[in-house]
Amino acid sequence: MRHWATYFVLISGLMGGSHFSAATQTIVATQLAGLIRAPLALTITLPDGQRAVLDAYVTRPDTPGVFPIALITHGTDGTEQSDRQQLTPNRFSAAAITFARHGYAAVVVMRQGYGQSTGHNDYQGNSCAQPQHALAGKMAREDLLGALVAIREQPWAAQHQAVLVGQSSGGFSVLAASALNPPGVQAIISFSGGRGAMGEGQICDKTSLLAALKTYGQTARIPTLWLYSANDQSFSPQLGKEMIKAYRHADAKGKLVTLPAFGDDGHDLLISAPEEFWWRSVSSFLSQQRLPNHEVVSISEVVLAAPAGLTTSGQQAFKHYLSDRGYEKAFASNGEGVWGSAHWARTQQDANHEALAYCEQYREKGEAACTVYAAGDQRSAAK
């Protein structure tokens with residue numbers, strides 16, 4: 001039911017310090033029956049005439065025709081270095097698969113300055129005293145609306161049906177886009193949305209954050225859904241209520257849903273929570289907007305025996321590995337209880353390397369060497 005596919009993607013660089021290689025890159029992607037997963041490089045034109053290339057990834061049904069677009073965008077990873085090196089479109093592979101399974105062409109888009117996208121990020125030069133929320137929102141929405149135009153040039157993309165989905169500062173970004181009521185966008189979904197979190201419930205310049213959302217809501221007319229987990233450590237449901245109150249000050253349409261606690265920190269629910277944790281709320285919202293919400297592609301459970309020698313905790317980790325759709329992924333073991341796993345890597349080769357490195361990190365001297373046991377949903381061919 002699953003196979004490997006190799007995509008050859010020609011990614012051309014732009015003037016101004018592109019992070020894309022000008023050479024042809026070979027990308028090996030895990031494919032699930034009924035779906036197509038492939039990297040994209042979206043060339044966009046900004047309102048000032050400048051051009052940029054955005055790092056992206058599409059997951060869509062493997063059938064002829066056009067599909068409504070689910071444009072998914074990210075938050076920040078903590079530092080400018082990690083936002084470049086660790087943040088990839090594949091971090092949202094599970095969410096993209098969920099939307100694709102329900103009939104969407106799900107495109108994860110990295111805004112400028114993140115991943116391998118060109119340009120500068122939307123917080124460069126800012127500080128907690130001056131986070132410039134409104135300016136960041138303007139920059140982000142220009143990237144997203146440019147990406148939407150570029151996506152619509154693809155033969156599989158619907159021209160007049162789209163949903164914008166964002167996580168954390170990406171949620172703030174799609175709400176910024178709502179202020180312009182982009183044509184063909186029927187719904188906007190913010191997961192754990194906000195900006196300027198300092199931890200322990202503190203926000204950098206909360207006053208200007210609420211002011212920016214109030215400004216967006218004055219002109220926004222697209223229905224919006226705001227989702228927060230009860231134990232979100234960055235933006236609590238209570239803060240979410242304050243934000244949506246500011247947004248709805250005029251006639252903006254917004255509904256807030258508080259989901260149960262997830263793990264130790266529910267902030268990354270779109271990334272890590274299983275589909276059943278959040279899809280029911282999203283499905284109901286999409287149905288109200290007369291957008292697709294029924295399953296069109298089913299995914300069977302992965303059946304793969306665990307490596308020998310795993311402890312109880314290791315067996316639980318492998319069970320989680322099998323159920324997780326965080327591609328590209330890998331699981332390494334030494335057959336004597338030591339293991340390591342990796343998820344959301346840009347390539348399968350990267351996932352294999354990371355899982356092996358984590359496994360070796362915990363191997364003691366004299367114990368058997370680690371090898372890659374599973375690559376994606378299959379036993380690894382590596383010796």
# chains A, B, ... in the order shown; residues from 1 in each chain; ligands from 1
>>> residues_around(residues="segment 176-186 of chain A", least_positions_apart="2", cutoff="9 Å", atoms="only C-alpha atoms", output="PyMOL selection string")
chain A and resi 69+134+137-138+140-142+144-145+159-164+171-174+188+212-213+215-224+286+289-291
>>> residues_around(residues="Gly78 of chain A", least_positions_apart="5", cutoff="12 Å", atoms="only C-alpha atoms", output="PyMOL selection string")
chain A and resi 83-87+114+123+168-169+196-199
>>> select_by_dssp(residues="segment 11-248 of chain A", states="alpha helix (DSSP H)", output="number ranges by chain")
A: 80-85, 93-101, 133-151, 169-178, 206-219, 237-247
>>> write_last_selection(atoms="C-alpha atoms", output="PDB file, in the first residue's frame")
ATOM      1  CA  GLU A  80      16.765  32.732  13.325  1.00  0.00           C
ATOM      2  CA  GLN A  81      19.234  29.870  12.898  1.00  0.00           C
ATOM      3  CA  SER A  82      16.721  27.152  13.773  1.00  0.00           C
ATOM      4  CA  ASP A  83      14.045  28.825  11.640  1.00  0.00           C
ATOM      5  CA  ARG A  84      16.421  28.375   8.707  1.00  0.00           C
ATOM      6  CA  GLN A  85      17.966  24.997   9.478  1.00  0.00           C
ATOM      7  CA  SER A  93       3.098  16.773   6.922  1.00  0.00           C
ATOM      8  CA  ALA A  94       0.519  15.178   9.244  1.00  0.00           C
ATOM      9  CA  ALA A  95      -1.789  18.194   8.970  1.00  0.00           C
ATOM     10  CA  ALA A  96      -1.288  18.341   5.202  1.00  0.00           C
ATOM     11  CA  ILE A  97      -2.169  14.653   4.900  1.00  0.00           C
ATOM     12  CA  THR A  98      -5.344  15.223   6.913  1.00  0.00           C
ATOM     13  CA  PHE A  99      -6.534  18.002   4.614  1.00  0.00           C
ATOM     14  CA  ALA A 100      -5.525  16.048   1.504  1.00  0.00           C
ATOM     15  CA  ARG A 101      -7.408  12.973   2.734  1.00  0.00           C
ATOM     16  CA  HIS A 133       3.177  43.136  15.213  1.00  0.00           C
ATOM     17  CA  ALA A 134       1.341  45.088  12.523  1.00  0.00           C
ATOM     18  CA  LEU A 135       4.384  45.293  10.241  1.00  0.00           C
ATOM     19  CA  ALA A 136       5.050  41.569  10.664  1.00  0.00           C
ATOM     20  CA  GLY A 137       1.427  40.829   9.794  1.00  0.00           C
ATOM     21  CA  LYS A 138       1.700  42.925   6.642  1.00  0.00           C
ATOM     22  CA  MET A 139       4.889  41.158   5.555  1.00  0.00           C
ATOM     23  CA  ALA A 140       3.441  37.716   6.240  1.00  0.00           C
ATOM     24  CA  ARG A 141       0.185  38.254   4.408  1.00  0.00           C
ATOM     25  CA  GLU A 142       2.012  39.582   1.348  1.00  0.00           C
ATOM     26  CA  ASP A 143       3.948  36.310   1.239  1.00  0.00           C
ATOM     27  CA  LEU A 144       0.821  34.199   1.708  1.00  0.00           C
ATOM     28  CA  LEU A 145      -1.313  35.993  -0.854  1.00  0.00           C
ATOM     29  CA  GLY A 146       1.571  35.873  -3.328  1.00  0.00           C
ATOM     30  CA  ALA A 147       1.872  32.148  -2.656  1.00  0.00           C
ATOM     31  CA  LEU A 148      -1.858  31.702  -3.249  1.00  0.00           C
ATOM     32  CA  VAL A 149      -1.517  33.302  -6.678  1.00  0.00           C
ATOM     33  CA  ALA A 150       1.419  31.019  -7.515  1.00  0.00           C
ATOM     34  CA  ILE A 151      -0.384  27.904  -6.284  1.00  0.00           C
ATOM     35  CA  SER A 169       2.526  33.275  14.428  1.00  0.00           C
ATOM     36  CA  GLY A 170       1.264  31.650  11.241  1.00  0.00           C
ATOM     37  CA  GLY A 171      -2.215  31.877  12.773  1.00  0.00           C
ATOM     38  CA  PHE A 172      -1.635  35.595  13.307  1.00  0.00           C
ATOM     39  CA  SER A 173      -0.449  35.784   9.685  1.00  0.00           C
ATOM     40  CA  VAL A 174      -3.612  34.277   8.197  1.00  0.00           C
ATOM     41  CA  LEU A 175      -5.720  36.602  10.346  1.00  0.00           C
ATOM     42  CA  ALA A 176      -3.703  39.506   8.922  1.00  0.00           C
ATOM     43  CA  ALA A 177      -4.598  38.197   5.455  1.00  0.00           C
ATOM     44  CA  SER A 178      -8.278  38.114   6.402  1.00  0.00           C
ATOM     45  CA  LYS A 206       0.164  42.813  24.187  1.00  0.00           C
ATOM     46  CA  THR A 207      -1.528  46.169  23.646  1.00  0.00           C
ATOM     47  CA  SER A 208      -0.253  46.529  20.086  1.00  0.00           C
ATOM     48  CA  LEU A 209      -1.015  42.861  19.384  1.00  0.00           C
ATOM     49  CA  LEU A 210      -4.667  43.414  20.295  1.00  0.00           C
ATOM     50  CA  ALA A 211      -4.671  46.674  18.338  1.00  0.00           C
ATOM     51  CA  ALA A 212      -3.424  44.897  15.209  1.00  0.00           C
ATOM     52  CA  LEU A 213      -6.111  42.234  15.510  1.00  0.00           C
ATOM     53  CA  LYS A 214      -8.737  44.917  16.030  1.00  0.00           C
ATOM     54  CA  THR A 215      -7.581  46.600  12.832  1.00  0.00           C
ATOM     55  CA  TYR A 216      -7.789  43.313  10.897  1.00  0.00           C
ATOM     56  CA  GLY A 217     -11.290  42.683  12.162  1.00  0.00           C
ATOM     57  CA  GLN A 218     -12.543  46.079  11.038  1.00  0.00           C
ATOM     58  CA  THR A 219     -12.435  45.015   7.396  1.00  0.00           C
ATOM     59  CA  PRO A 237      -7.437  30.061  25.684  1.00  0.00           C
ATOM     60  CA  GLN A 238      -8.013  33.066  27.952  1.00  0.00           C
ATOM     61  CA  LEU A 239      -5.641  35.153  25.852  1.00  0.00           C
ATOM     62  CA  GLY A 240      -7.361  33.711  22.786  1.00  0.00           C
ATOM     63  CA  LYS A 241     -10.638  35.121  24.099  1.00  0.00           C
ATOM     64  CA  GLU A 242      -9.046  38.548  24.475  1.00  0.00           C
ATOM     65  CA  MET A 243      -7.651  38.393  20.958  1.00  0.00           C
ATOM     66  CA  ILE A 244     -10.874  37.266  19.305  1.00  0.00           C
ATOM     67  CA  LYS A 245     -12.790  39.932  21.237  1.00  0.00           C
ATOM     68  CA  ALA A 246     -10.519  42.583  19.732  1.00  0.00           C
ATOM     69  CA  TYR A 247     -10.836  41.010  16.274  1.00  0.00           C
TER      70      TYR A 247
END
>>> select_by_dssp(residues="segment 72-237 of chain A", states="strand (DSSP E or B)", output="VMD selection string")
chain A and resid 72 to 73 105 to 109 157 to 167 185 to 191 197 to 199 202 to 203 224 to 229
